[in-house]
Amino acid sequence: MPMTLTQAIAEGRRFGARAGRRLGRRLGRRLERLTGRSMPSIQTLLEWAARLGYGARGFVYFNVGLAALLAAVDITGDSLGAGGIIELTAEQPFGRVWLTLLGAGLWMFVLWRFLQSVVDADHEGWSLKAIGMRAGQALSGVFYGVLASSVFELMDEVGEVDADDGGAEAQQQAGTVMDMPYGDWLLIGAGLFILAMGVGNIIKGVTGEFADSLACDRKTCRRVVPLARAGYAARGFAYLPMGVFVILAGWRTRAEEARSFGASLELLEAQPFGSWIVGFTALGIMAFGAFALVEARWRRIRMPREIKPR
């Protein structure tokens, strides 16, 4: 009796899994003979990748916050977003080596986001809240994938990128969206989504149970959880003006209204008491980066025994 398409796909998956296990065992035995050590399991390798990914995210956010803080107290010029930090890093001694490691780390974080959202690595399940959380993790993976790609792209364009931290690029992207059918409404929707992310981060900073995701002792958790609360709240607050500018760009059909993350902080700084507002926001963003480094060390990463979509 001929197999149906579903049966054929299932049989193909089983065959691929068996072949992969056989190949893995052979490679493991060969590595063990060469080094005298057994090969780490795929779950262990993925856990290492996730921790390196958290470390890369922490590096980016801590330095974005530091640059914004230095700008707020008039030690340096304009605030820098992620793109500006990447370009600045490339110009330092051994900068390209750092960027290569950073880009690889960000791609590892993208992989972790995929495992969280598709494979349910955090064991969230299929409740409505869990689905929303996993959808957010998937979108986060897309964002960090774009950022990781830009790392290697900017390595080839050091000195050619304008110092406005991607402000022109943000306007160009807004113009591309507006050239699409119903582009103004698409841009308004993107701005509303950014606003929703900002509000969601603020709510998470206030109500999140961050200690539950950490495998550290109670004393350490008490010290690091405030970093998470301040960090998420500050990151959420920083998203709000960017979302407003994107909405205005769509509402007024003017791409030049769009602003990047760094440019949004600069406009905040130009307001009354703006330096104080940006300074406190920058400290919070630094706290977010510091907490990501804490997660790189202590986050509970519970890989499923079988890596497959659920």
# chains A, B, ... in the order shown; residues from 1 in each chain; ligands from 1
>>> residues_around(residues="segment 199-203 of chain A", least_positions_apart="2", cutoff="6 Å", atoms="only C-alpha atoms", output="compact mmCIF listing (two decimals) with N, CA and C atoms, in the first residue's frame")
# COMPACT_ATOMS: atom_id res chain seq x y z
N ALA A 196 4.06 49.27 21.68
CA ALA A 196 3.62 48.12 22.48
C ALA A 196 4.82 47.43 23.12
N MET A 197 5.93 47.33 22.37
CA MET A 197 7.14 46.74 22.95
C MET A 197 7.64 47.57 24.12
N GLY A 205 9.38 45.13 33.57
CA GLY A 205 10.32 45.62 34.57
C GLY A 205 9.68 45.78 35.94
N VAL A 206 8.40 46.12 35.97
CA VAL A 206 7.71 46.32 37.24
C VAL A 206 7.23 45.01 37.85
N TYR A 232 14.77 46.78 32.11
CA TYR A 232 13.59 46.61 31.25
C TYR A 232 12.75 47.88 31.22
N ALA A 233 12.60 48.54 32.35
CA ALA A 233 11.81 49.77 32.38
C ALA A 233 12.47 50.85 31.53
N GLY A 236 12.16 50.03 27.80
CA GLY A 236 10.81 50.31 27.36
C GLY A 236 10.58 51.80 27.18
>>> atom_distance(atom1="atom CA of Glu47 of chain A", atom2="atom CA of Gly105 of chain A")
12.5 Å
>>> residues_around(residues="Ile188 of chain A", least_positions_apart="5", cutoff="7 Å", atoms="only C-alpha atoms", output="ChimeraX atom specification")
/A:246-247,250-251
>>> atom_distance(atom1="atom CA of Ile285 of chain A", atom2="atom CA of Ala238 of chain A")
8.6 Å
>>> select_by_dssp(residues="segment 199-298 of chain A", states="helix (DSSP H, G or I)", output="MDAnalysis selection string")
chainID A and resid 199:207 210:213 218:251 255:257 261:269 274:298
>>> closest_residue(among="A:Val294, A:Leu187, A:Ala71, A:Met242", to="Val224 of chain A", atoms="only C-alpha atoms")
A:Val294
>>> residues_around(residues="Ser213 of chain A", least_positions_apart="6", cutoff="12 Å", atoms="only C-alpha atoms", output="VMD selection string")
chain A and resid 122 to 123 221 224 to 225 228 291 294 to 302
>>> residues_around(residues="Arg223 of chain A", least_positions_apart="3", cutoff="12 Å", atoms="only C-alpha atoms", output="list in words")
Phe210, Ala211, Cys216, Asp217, Arg218, Lys219, Thr220, Pro226, Leu227, Ala228, Arg229, Ala287, Ala290, Phe291 and Val294 of chain A
>>> residues_around(residues="Phe109 of chain A", least_positions_apart="4", cutoff="10 Å", atoms="only C-alpha atoms", output="list of chain:residue names")
A:Ala49, A:Ala50, A:Arg51, A:Leu52, A:Gly53, A:Tyr54, A:Gly55, A:Ala56, A:Arg57, A:Gly103, A:Ala104, A:Gly105, A:Arg113, A:Phe114, A:Leu115, A:Ser140, A:Gly141, A:Tyr144, A:Gly145, A:Ala148
>>> write_last_selection(atoms="N, CA and C atoms", output="CSV table (one decimal), in the first residue's frame")
chain,number,residue,atom,x,y,z
A,49,ALA,N,26.0,28.1,23.5
A,49,ALA,CA,25.7,29.1,22.4
A,49,ALA,C,24.7,30.2,23.0
A,50,ALA,N,23.7,29.7,23.8
A,50,ALA,CA,22.8,30.7,24.4
A,50,ALA,C,23.5,31.6,25.4
A,51,ARG,N,24.4,31.1,26.2
A,51,ARG,CA,25.1,32.0,27.1
A,51,ARG,C,26.0,33.0,26.4
A,52,LEU,N,26.7,32.5,25.4
A,52,LEU,CA,27.5,33.5,24.6
A,52,LEU,C,26.6,34.5,24.0
A,53,GLY,N,25.4,34.1,23.5
A,53,GLY,CA,24.4,35.1,23.0
A,53,GLY,C,24.0,36.1,24.0
A,54,TYR,N,23.7,35.7,25.2
A,54,TYR,CA,23.3,36.7,26.2
A,54,TYR,C,24.5,37.6,26.5
A,55,GLY,N,25.7,37.1,26.5
A,55,GLY,CA,26.8,38.0,26.7
A,55,GLY,C,27.0,39.0,25.6
A,56,ALA,N,26.7,38.6,24.3
A,56,ALA,CA,26.8,39.6,23.2
A,56,ALA,C,25.8,40.6,23.3
A,57,ARG,N,24.5,40.2,23.7
A,57,ARG,CA,23.5,41.2,23.9
A,57,ARG,C,23.8,42.2,25.0
A,103,GLY,N,29.5,39.5,16.5
A,103,GLY,CA,28.5,39.0,15.5
A,103,GLY,C,28.2,37.5,15.6
A,104,ALA,N,29.2,36.7,15.9
A,104,ALA,CA,29.0,35.3,16.2
A,104,ALA,C,28.1,35.1,17.4
A,105,GLY,N,28.4,35.9,18.4
A,105,GLY,CA,27.6,35.8,19.7
A,105,GLY,C,26.1,36.2,19.4
A,113,ARG,N,16.8,32.3,20.6
A,113,ARG,CA,15.5,32.8,20.4
A,113,ARG,C,14.6,31.8,19.6
A,114,PHE,N,15.2,31.3,18.5
A,114,PHE,CA,14.5,30.3,17.7
A,114,PHE,C,14.1,29.1,18.6
A,115,LEU,N,15.0,28.6,19.4
A,115,LEU,CA,14.7,27.5,20.3
A,115,LEU,C,13.6,27.8,21.3
A,140,SER,N,11.9,39.1,18.5
A,140,SER,CA,13.2,39.5,19.0
A,140,SER,C,14.4,38.8,18.3
A,141,GLY,N,14.2,37.5,17.9
A,141,GLY,CA,15.2,36.8,17.1
A,141,GLY,C,15.4,37.5,15.8
A,144,TYR,N,17.5,40.7,16.4
A,144,TYR,CA,18.9,40.4,16.6
A,144,TYR,C,19.6,39.8,15.4
A,145,GLY,N,18.8,39.1,14.5
A,145,GLY,CA,19.4,38.6,13.3
A,145,GLY,C,19.8,39.8,12.4
A,148,ALA,N,22.9,41.3,13.9
A,148,ALA,CA,24.1,40.4,13.7
A,148,ALA,C,24.5,40.6,12.2
